[in-house]
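A quick write-up on the structure given underneath.
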Amino acid sequence: MVGEEMGRELGGSLPVPNVQAFPSSCSGDIPHCYLRPELESEEVLVDDTLEIPTIDMRKLMVDDDEMEKLHSACKEWGFFQLINHDGVAEEVMEKMKADVREFFKLPQKEKNAYAKQPIGVDGYGQNFVLSEGQKLDWADTFFLQTLPIPERKMRFWPQEPTSFRETLDKFSLEIVEVSKCLLKLMAKNLAINPEQFANMFEDGRQAMRMNYYPPCEQASKVLGLTPHSDFGGLTLLVQVNDVQGLQIKRNGKWIPIRPLPGAFIVNIGDVIEILSNGEYKSVEHRAVVDPEKERLSIAVFYTPRDGTIIGPLPELTKENGAKYKSVSREEYIKFVITRKPDGKSSVNLMKLESGN
């Protein structure tokens, strides 16, 4: 079965402690596996005037200037905030946030009932822990494959809170419409067939990672999320509470993202960088933690459907040739999933030697 094959492809992850179970003050010695000495030498740019672009989805339908803003955001930033997205009902969005908060409030024993298994990615706990000496994120995550519906592994879908399953089902089906719309608009900007481009993701995989970043008094020594670019096509991030933590790398410096109320934070993944032959860029990002407050978020990932070739689209290679390799989706997934997150190393290895 495809789901079982994907489980084997996605491999296993070593079990690690749940950070949420650590003493709440974490004022003593932090376990060495969480310490990030490199943080001392990395610069965070504090500039209130430097913001990722904001794109109004309603204007995209009728305004050429807004379409140009979207094109520029995908080329120059790889990140943008999407406002006035009508695809997800406000009550569904708010219920999804509430249910995620309630899940992470459950007693540790109840959450552990949904712990991820040695094989596969679904469940509660960290993914991509491939070696004993690997640095760990100061976070607990809950990862679920949500689309296509037959690929859902329902044993990992919580029965507490009681509304969680129904809410997640509604949310996943509504937010996928937003992504489809964005993909068609991006294709239009790239001067390729919008339907053909969107069809690569039709019946593709949607997955969600719910993130809980506990506070840490020594926040400057740990990371909530290791720097990386997303290996999929498109990511939509929902901020569950008002605590900031997402940062993107630009010109060698880290820039904090200040989420707008109700906005999706959208970022280009490695797959779209490859498909666009480098015209659109995935961007390295990370999450820091707060010394006093917990942070929660929901990341929604999209990858193309089974059988898709991951490589530059022929229409975009006519002038300068292909800058990236072309491989099957299955080969690509095996390639990226067996590597721990490390900047843009995966997409860089997909570049052809002659590519820029």
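Residue numbering restarts at 1 in every chain; chains get A, B, ... in the order shown in the structure tokens, and ligands count up from 1 in that same order.
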
Non-local contacts of Val300 (chain A) (9 Å; only C-alpha atoms; under 6 positions in same chain excluded) as a list in words: Ser172, Ile175, Gln206, Ala207, Met208, Arg209, Met210, Leu234, Thr235, Leu236, Leu237 and Val238 of chain A

When DSSP works through the backbone of this structure, what residues of region 102-150 of chain A end up as strand (DSSP E or B), shown as a VMD selection string? chain A and resid 115 123 to 124 140 to 147

I need the chosen residues saved as a compact mmCIF listing (two decimals), in the first residue's frame, with N, CA, C and O atoms.
# COMPACT_ATOMS: atom_id res chain seq x y z
N ALA A 115 2.04 8.88 20.81
CA ALA A 115 3.47 9.02 20.49
C ALA A 115 3.79 8.36 19.16
O ALA A 115 3.24 7.31 18.81
N GLY A 123 2.38 11.29 14.60
CA GLY A 123 2.33 11.15 16.04
C GLY A 123 3.00 12.28 16.79
O GLY A 123 3.53 13.23 16.23
N TYR A 124 2.97 12.13 18.11
CA TYR A 124 3.48 13.12 19.04
C TYR A 124 4.95 12.82 19.34
O TYR A 124 5.30 11.69 19.71
N ASP A 140 8.05 20.37 21.49
CA ASP A 140 7.31 19.13 21.28
C ASP A 140 6.41 19.34 20.08
O ASP A 140 5.79 20.41 19.94
N THR A 141 6.33 18.35 19.21
CA THR A 141 5.53 18.51 18.00
C THR A 141 4.55 17.35 17.86
O THR A 141 4.76 16.26 18.41
N PHE A 142 3.50 17.61 17.11
CA PHE A 142 2.48 16.61 16.84
C PHE A 142 2.22 16.65 15.34
O PHE A 142 1.68 17.62 14.81
N PHE A 143 2.65 15.60 14.63
CA PHE A 143 2.63 15.58 13.17
C PHE A 143 1.57 14.61 12.68
O PHE A 143 1.51 13.45 13.13
N LEU A 144 0.73 15.06 11.76
CA LEU A 144 -0.32 14.22 11.19
C LEU A 144 -0.41 14.41 9.69
O LEU A 144 -0.38 15.54 9.20
N GLN A 145 -0.49 13.31 8.96
CA GLN A 145 -0.79 13.38 7.54
C GLN A 145 -2.32 13.51 7.41
O GLN A 145 -3.05 12.68 7.92
N THR A 146 -2.74 14.57 6.72
CA THR A 146 -4.17 14.92 6.72
C THR A 146 -4.85 14.71 5.36
O THR A 146 -6.05 14.52 5.31
N LEU A 147 -4.13 14.78 4.27
CA LEU A 147 -4.68 14.53 2.94
C LEU A 147 -3.64 13.81 2.10
O LEU A 147 -2.45 14.05 2.27

Using only C-alpha atoms, which protein or nucleic acid residues come within 12 Å of Lys184 (chain A)? Drop anything in the same chain fewer than 6 positions from it, and give the result as a ChimeraX atom specification. /A:60-61,67,70,177-178,190-202

For the residues selected in the previous step, produce a file with N, CA, C and O atoms as a compact mmCIF listing (two decimals), in the first residue's frame.
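Below you can see again28.txt, which holds the result:
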# COMPACT_ATOMS: atom_id res chain seq x y z
N LEU A 60 -5.64 40.06 -5.01
CA LEU A 60 -4.96 39.26 -6.03
C LEU A 60 -5.89 38.90 -7.19
O LEU A 60 -5.44 38.73 -8.32
N MET A 61 -7.16 38.79 -6.89
CA MET A 61 -8.12 38.38 -7.91
C MET A 61 -8.42 39.48 -8.92
O MET A 61 -8.90 39.21 -10.02
N MET A 67 -0.70 41.27 -7.78
CA MET A 67 -0.06 40.09 -8.40
C MET A 67 1.44 40.31 -8.53
O MET A 67 2.24 39.39 -8.29
N LEU A 70 2.99 39.77 -5.19
CA LEU A 70 3.13 38.34 -4.91
C LEU A 70 4.35 37.78 -5.62
O LEU A 70 5.14 37.02 -5.03
N GLU A 177 -7.91 24.63 -0.09
CA GLU A 177 -8.43 25.48 -1.16
C GLU A 177 -7.62 26.77 -1.28
O GLU A 177 -7.43 27.30 -2.37
N VAL A 178 -7.14 27.27 -0.15
CA VAL A 178 -6.29 28.46 -0.17
C VAL A 178 -4.98 28.16 -0.89
O VAL A 178 -4.51 28.94 -1.73
N LEU A 190 4.50 33.04 -13.15
CA LEU A 190 5.65 32.37 -13.78
C LEU A 190 5.42 32.14 -15.28
O LEU A 190 6.30 31.58 -15.95
N ALA A 191 4.24 32.54 -15.76
CA ALA A 191 3.88 32.38 -17.18
C ALA A 191 3.85 30.90 -17.58
O ALA A 191 4.31 30.53 -18.66
N ILE A 192 3.33 30.07 -16.70
CA ILE A 192 3.12 28.65 -17.01
C ILE A 192 1.63 28.35 -16.82
O ILE A 192 0.90 29.16 -16.24
N ASN A 193 1.19 27.20 -17.27
CA ASN A 193 -0.22 26.85 -17.22
C ASN A 193 -0.68 26.67 -15.77
O ASN A 193 -0.23 25.74 -15.09
N PRO A 194 -1.58 27.55 -15.29
CA PRO A 194 -2.00 27.46 -13.89
C PRO A 194 -2.65 26.13 -13.52
O PRO A 194 -2.37 25.58 -12.44
N GLU A 195 -3.50 25.61 -14.39
CA GLU A 195 -4.18 24.36 -14.08
C GLU A 195 -3.19 23.19 -14.03
O GLU A 195 -3.26 22.33 -13.16
N GLN A 196 -2.27 23.20 -14.97
CA GLN A 196 -1.27 22.13 -15.02
C GLN A 196 -0.40 22.15 -13.78
O GLN A 196 -0.10 21.11 -13.18
N PHE A 197 0.00 23.34 -13.35
CA PHE A 197 0.85 23.49 -12.17
C PHE A 197 0.09 23.05 -10.92
O PHE A 197 0.60 22.27 -10.10
N ALA A 198 -1.14 23.53 -10.78
CA ALA A 198 -1.94 23.16 -9.60
C ALA A 198 -2.24 21.67 -9.58
O ALA A 198 -2.31 21.05 -8.51
N ASN A 199 -2.40 21.08 -10.77
CA ASN A 199 -2.71 19.64 -10.85
C ASN A 199 -1.57 18.78 -10.33
O ASN A 199 -1.79 17.63 -9.92
N MET A 200 -0.34 19.30 -10.33
CA MET A 200 0.78 18.55 -9.77
C MET A 200 0.57 18.31 -8.27
O MET A 200 1.09 17.35 -7.70
N PHE A 201 -0.20 19.21 -7.65
CA PHE A 201 -0.46 19.12 -6.22
C PHE A 201 -1.85 18.57 -5.93
O PHE A 201 -2.20 18.34 -4.78
N GLU A 202 -2.67 18.40 -6.99
CA GLU A 202 -4.01 17.84 -6.81
C GLU A 202 -3.89 16.41 -6.27
O GLU A 202 -3.14 15.60 -6.81

Judged by only C-alpha atoms, the minimum distance to Pro148 (chain A) among A:Gly204, A:Gly262, A:Pro15, A:Pro107 is found for A:Gly204

Can you tell me, as a ChimeraX atom specification, what residues are no more than 12 Å from Gly278 (chain A) when counting only C-alpha atoms, ignoring any on the same chain fewer than 2 positions away? /A:74-76,78,190,268-276,280-283,311-313,316-317,320-325,347-348,350-352,355-356

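Comparing A:Pro31, A:Pro150, A:Pro17, A:Gly133 by their smallest distance to Asp203 (chain A), the closest is A:Pro150 (using only C-alpha atoms).
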
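Between CA of Asp169 (chain A) and CA of Met93 (chain A) the separation is 11.7 Å.
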
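Within the 12 Å cut-off around Thr49 (chain A), using only C-alpha atoms and omitting residues fewer than 3 positions from it on the same chain, the listed residues are Leu45, Val46, Ile52, Pro53, Ile255, Pro256, Ile257 and Arg258 of chain A.
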
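Near Ile309 (chain A), within 8 Å and counting only C-alpha atoms, sit A:Gly307, A:Gly311, A:Ser326, A:Val327, A:Ser328, A:Arg329; same-chain residues fewer than 2 positions away were not included.
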
Go ahead and save the residues from that selection, with N, CA and C atoms, as a PDB file, in the first residue's frame.
ATOM      1  N   GLY A 307       4.036  10.153  -8.210  1.00  0.00           N
ATOM      2  CA  GLY A 307       4.280  10.053  -9.643  1.00  0.00           C
ATOM      3  C   GLY A 307       4.782  11.331 -10.284  1.00  0.00           C
ATOM      4  N   GLY A 311      11.569  18.422 -10.741  1.00  0.00           N
ATOM      5  CA  GLY A 311      12.640  18.980 -11.565  1.00  0.00           C
ATOM      6  C   GLY A 311      12.143  20.253 -12.215  1.00  0.00           C
ATOM      7  N   SER A 326      16.418  16.434 -12.103  1.00  0.00           N
ATOM      8  CA  SER A 326      15.038  15.953 -12.141  1.00  0.00           C
ATOM      9  C   SER A 326      15.010  14.525 -11.625  1.00  0.00           C
ATOM     10  N   VAL A 327      14.163  14.286 -10.627  1.00  0.00           N
ATOM     11  CA  VAL A 327      14.036  12.950 -10.045  1.00  0.00           C
ATOM     12  C   VAL A 327      12.559  12.681  -9.792  1.00  0.00           C
ATOM     13  N   SER A 328      12.200  11.426  -9.591  1.00  0.00           N
ATOM     14  CA  SER A 328      10.824  11.112  -9.245  1.00  0.00           C
ATOM     15  C   SER A 328      10.519  11.636  -7.844  1.00  0.00           C
ATOM     16  N   ARG A 329       9.235  11.856  -7.593  1.00  0.00           N
ATOM     17  CA  ARG A 329       8.842  12.312  -6.265  1.00  0.00           C
ATOM     18  C   ARG A 329       9.301  11.331  -5.198  1.00  0.00           C
TER      19      ARG A 329
END

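Using only C-alpha atoms, the protein and nucleic acid residues lying no more than 12 Å from Lys105 (chain A), apart from those fewer than 3 places from it along its own chain, are A:Gln20, A:Ala21, A:Ala98, A:Asp99, A:Val100, A:Arg101, A:Glu102, A:Gln108, A:Lys109, A:Glu110, A:Lys111, A:Glu160, A:Pro161, A:Tyr212, A:Pro214, A:Glu294, A:Leu296.
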
Pull the alpha helix (DSSP H) assignments for region 104-207 of chain A out of DSSP run on the backbone, and list those residues as a PyMOL selection string. chain A and resi 104-105+108-112+164-189+194-199

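Taking only C-alpha atoms into account, Gln247 (chain A) lies nearest to A:Phe79 out of the set A:Phe79, A:Phe22, A:Tyr34, A:Phe335.
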